[in-house]
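J.: Take this structure, written in structure tokens, and hold onto it; I'll ask about it next.
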Amino acid sequence: MFPMKWKVIEKSKLPVLMAELAKENEVFAPVKEKSIVSFERISSENQAYLDFRNTKKPPKEVFFPQTETLFTYRTDKKNVEVLEDPAVKGKRVLLGVRPCDARSFALLDKFFSSGEDKDVYYLEKRKNTTIVGLACNAPLSTCFCTSMGGNPFGKEGMDLLLQDINDQYLIETVTERGEELIKKFPWLKDAEKADIERAKKLSEDAEKAVKSKVSVKNVSEKLDRMFDDPMWDQIYQRCLGCGVCTFLCPTCCCFDILDEETEEVKRVRIWDSCQFSCFTLQGSGHNPRPSGKERMRQRIMHKFNYFVKNYGESFCVGCGRCVRECPVNLDIREVVGAISTRQVE
Amino acid sequence: MENIENSIREVAEKLLREKKVDLIIGYEQGTLPLRTTPCFVDKVEDVQKLVWNASCDVNLSKYVVGRKEKVGVVAKGCDARLIVVCAIEKQFPRENVVIIGVPCLGVIDRKKIEAKLEDKEVLEATIEDEQIKVKGEGFELVLPKKDFLCDSCLTCKHRNPPIYDVFVGEKVPEITEANEFAEVSSLESKSGEERWEHFKEELSKCIRCYACRNVCPLCYCKMCFVDQTMPAWFGKTNDLSDTMIYHIVRAFHVAGRCVDCGACSRACPMDINLRELMKKIEKIMKERYGYEAGVSFEEVPPLGEFKMEDSQEFIK
């Protein structure tokens, strides 16, 4: 138990807190622009907006931007001179992350830090960032976090957790890094017992409100024997092969690396998607995943089989974005449901 | 509506039973309120899955391109027109497709409903002729359907498919009074610089998921120009200049072919108004060549032929 575990802040004081945070940190938080809420760098023009169900885009781009220059170099074809290493070194605060999305960081951390060649680009930014979560009082009908090991008031992946208790946020300290941050705001009031009890009640209600359930029990094991199952021939037909599900997924993190050549060459990494036809297109012209069938199977296998084998849990946090945003309503809950009830040899 | 739904099922059953087609492509109930999803029926007993209502919004001609088997397709005016365009462009033999023409009074724009409800979520919905009843946590509303239709449907000139093989239901009156290019006028009133700023602002939201391309029946290129890697033709980052090149070239690529079905705008997760530039191009095609895509098999698409009297004022 941390000595300063529970604090409260009036909602009207939040901008003061944000302004103070911004003095020493780059602050990222949800911003509403027209109909879209997404994580942006907070500035005087960009004010945080915390009254959302969930953001359109997940926060992964704070650590894994859609386009990221890894380094630049100059070459005369004999020698190569590396010009800059633009890694982010400054301290950051990422505020307003829903528990499902915060959980995605716990999974992404495993992915980006495994093996011998750790992904310094992701890990550097991650190391320098304090994550302030925002508990989810009102899950959507498409949310299934509780089926994926999460919870609307879950704390995994966070340093601090804000809980909306009417006109105040209750601030719960989760890690030492969170405690370090909270120490800088001695003016924060201690929480009353009633505040904590109120949050507990909201948490229980929120958990009950997650009505969408997906059974992943046995799915990984079943998928072991379903690589050639005729089910894939049916299921993929509707899929358009666009990148909505993967780009809006908080855990999907496949990328492509390319060189952008002007006078200097920028080595850039960009988001890529296993649903795109050129994702596995080889230099020879051969494509081992020639149709949507193999691509959709890959997405499901990666999330519910390969990742389970490599890291011990599914690569899905149940945020429901792919369910809500798929242009043809291809619902991953149905696909996983079909696998879980499939009779396989 | 129910009558149309029943008629669709009857027609589908007949086509399958008589082996006129191997597959019916239509819509079935989706997993969320106000959503349907494409449905592929190859067994007579499955025709009961087929539904028809104002949330049948995916342009099903997308699923015809590249098919070898004979298919029957449930087609609104815009779906039927794109089947015609793709058949003219030889993406499948005309005789392989039975167009099951359906009269359409417009499809619902979920984004308009979401905007109206702000953060409230629709948990249940029923669509009637003139109304959409929506229910959610602590609210129940009756919305006038006409206010929540897709923009492309509001001025649609082909609510009845101009070309079809079987027609179900009764023809509905066409919209005659509305100016379908009215929304282009604000774009036209801007200076070149203002237009550029406007497109920059709109397209800066793009995440390059290619939903607009992949949902478009006209985007059937085996290798899209943006996917070319040996060598790369265009940048693939979400840098604004790369993004704008993608959208501009795609808009040019569907010139004289786009029927303004609105699928691109509906599919865009970032709510970009993708129709605007397309609509302007559609207007140019109409003014310069008197051409409207997908309404005739006889007329040659203007960008597919050269005539001496073609307007050439752009050659300086």
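As shown in the structure tokens, the chain order sets the letters A, B, ...; within each chain, residues go from 1, and ligands are also counted from 1 in the order they appear.
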Using only C-alpha atoms, find which residues of chain A lie within 9 Å of chain B and jot them down as a ChimeraX atom specification.

T.: /A:35-36,51-53,56-57,66-68,140-142,234,237-238,240-248,258,260,268-271,273,277-278,283,323-331,334

J.: Could you dump the residues just selected with C-alpha atoms as a PDB file, in the first residue's frame?

T.:
ATOM      1  CA  SER A  35     -16.725  14.085 -34.390  1.00  0.00           C
ATOM      2  CA  ILE A  36     -13.431  12.385 -33.601  1.00  0.00           C
ATOM      3  CA  ASP A  51     -16.122  13.014 -21.526  1.00  0.00           C
ATOM      4  CA  PHE A  52     -15.876  10.236 -24.102  1.00  0.00           C
ATOM      5  CA  ARG A  53     -16.909   6.550 -24.190  1.00  0.00           C
ATOM      6  CA  LYS A  56     -11.689   6.536 -32.058  1.00  0.00           C
ATOM      7  CA  LYS A  57      -8.008   5.726 -32.406  1.00  0.00           C
ATOM      8  CA  GLN A  66       1.931   5.588 -37.658  1.00  0.00           C
ATOM      9  CA  THR A  67       4.971   7.103 -39.339  1.00  0.00           C
ATOM     10  CA  GLU A  68       8.252   7.207 -37.437  1.00  0.00           C
ATOM     11  CA  LEU A 140     -20.379   0.203 -24.658  1.00  0.00           C
ATOM     12  CA  SER A 141     -22.440  -2.752 -25.844  1.00  0.00           C
ATOM     13  CA  THR A 142     -19.518  -3.732 -28.072  1.00  0.00           C
ATOM     14  CA  GLN A 234     -16.834 -18.907 -45.406  1.00  0.00           C
ATOM     15  CA  GLN A 237     -15.924 -13.645 -47.841  1.00  0.00           C
ATOM     16  CA  ARG A 238     -17.369 -10.406 -46.507  1.00  0.00           C
ATOM     17  CA  LEU A 240     -12.910  -6.077 -47.731  1.00  0.00           C
ATOM     18  CA  GLY A 241      -9.246  -6.393 -46.817  1.00  0.00           C
ATOM     19  CA  CYS A 242      -9.006  -2.845 -45.519  1.00  0.00           C
ATOM     20  CA  GLY A 243      -7.017  -1.846 -42.466  1.00  0.00           C
ATOM     21  CA  VAL A 244      -9.765  -0.460 -40.227  1.00  0.00           C
ATOM     22  CA  CYS A 245      -9.687  -3.340 -37.734  1.00  0.00           C
ATOM     23  CA  THR A 246      -5.913  -3.499 -37.473  1.00  0.00           C
ATOM     24  CA  PHE A 247      -5.171   0.230 -37.535  1.00  0.00           C
ATOM     25  CA  LEU A 248      -7.798   0.974 -34.897  1.00  0.00           C
ATOM     26  CA  LEU A 258      11.124   1.820 -45.981  1.00  0.00           C
ATOM     27  CA  GLU A 260      12.440   7.800 -48.161  1.00  0.00           C
ATOM     28  CA  VAL A 268      10.925   5.262 -41.845  1.00  0.00           C
ATOM     29  CA  ARG A 269       8.727   2.768 -40.169  1.00  0.00           C
ATOM     30  CA  ILE A 270       5.011   2.865 -40.917  1.00  0.00           C
ATOM     31  CA  TRP A 271       2.012   0.917 -39.712  1.00  0.00           C
ATOM     32  CA  SER A 273      -1.660  -4.488 -41.776  1.00  0.00           C
ATOM     33  CA  SER A 277      -2.614  -7.905 -49.959  1.00  0.00           C
ATOM     34  CA  CYS A 278       0.964  -6.648 -50.183  1.00  0.00           C
ATOM     35  CA  GLY A 283      10.260  -9.869 -53.961  1.00  0.00           C
ATOM     36  CA  VAL A 323     -16.584  -4.422 -34.007  1.00  0.00           C
ATOM     37  CA  ARG A 324     -17.889  -0.856 -34.160  1.00  0.00           C
ATOM     38  CA  GLU A 325     -15.852   0.356 -37.083  1.00  0.00           C
ATOM     39  CA  CYS A 326     -15.787  -2.523 -39.573  1.00  0.00           C
ATOM     40  CA  PRO A 327     -17.405  -1.141 -42.746  1.00  0.00           C
ATOM     41  CA  VAL A 328     -19.207  -4.454 -43.360  1.00  0.00           C
ATOM     42  CA  ASN A 329     -19.950  -5.439 -39.746  1.00  0.00           C
ATOM     43  CA  LEU A 330     -17.638  -8.425 -39.712  1.00  0.00           C
ATOM     44  CA  ASP A 331     -17.701  -9.001 -35.969  1.00  0.00           C
ATOM     45  CA  GLU A 334     -18.773 -13.924 -33.913  1.00  0.00           C
TER      46      GLU A 334
END

J.: Need to verify the contact set: B:Ile88, 9 Å, only C-alpha atoms, exclusion of same-chain residues closer than 6 positions in sequence. Can you return it as a CSV table (one decimal) with N, CA and C atoms, in the first residue's frame?

T.:
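Everything below was put into result34.csv:
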chain,number,residue,atom,x,y,z
B,94,ARG,N,-21.3,-10.0,-68.4
B,94,ARG,CA,-22.6,-9.6,-68.0
B,94,ARG,C,-23.6,-10.7,-67.8
B,294,GLY,N,-23.1,4.1,-65.5
B,294,GLY,CA,-23.9,3.0,-65.0
B,294,GLY,C,-25.3,3.0,-65.4
B,297,PHE,N,-25.6,0.4,-71.3
B,297,PHE,CA,-24.6,-0.5,-71.8
B,297,PHE,C,-24.0,0.0,-73.1
B,300,VAL,N,-20.4,4.6,-74.7
B,300,VAL,CA,-19.0,4.3,-74.3
B,300,VAL,C,-18.6,5.3,-73.3
B,301,PRO,N,-17.9,4.8,-72.2
B,301,PRO,CA,-17.4,5.8,-71.2
B,301,PRO,C,-16.5,6.8,-71.8

J.: Can you list, as a list in words, all residues belonging to stretch 4-56 of chain B that DSSP tags as alpha helix (DSSP H)?

T.: Ile4, Glu5, Asn6, Ser7, Ile8, Arg9, Glu10, Val11, Ala12, Glu13, Lys14, Leu15, Leu16 and Arg17 of chain B

J.: Would you kindly return, as a PyMOL selection string, each protein, DNA or RNA residue with an atom no farther than 8 Å from any atom of A:Gln168, considering only C-alpha atoms and excluding same-chain residues fewer than 4 positions away?

T.: chain A and resi 8-11+164
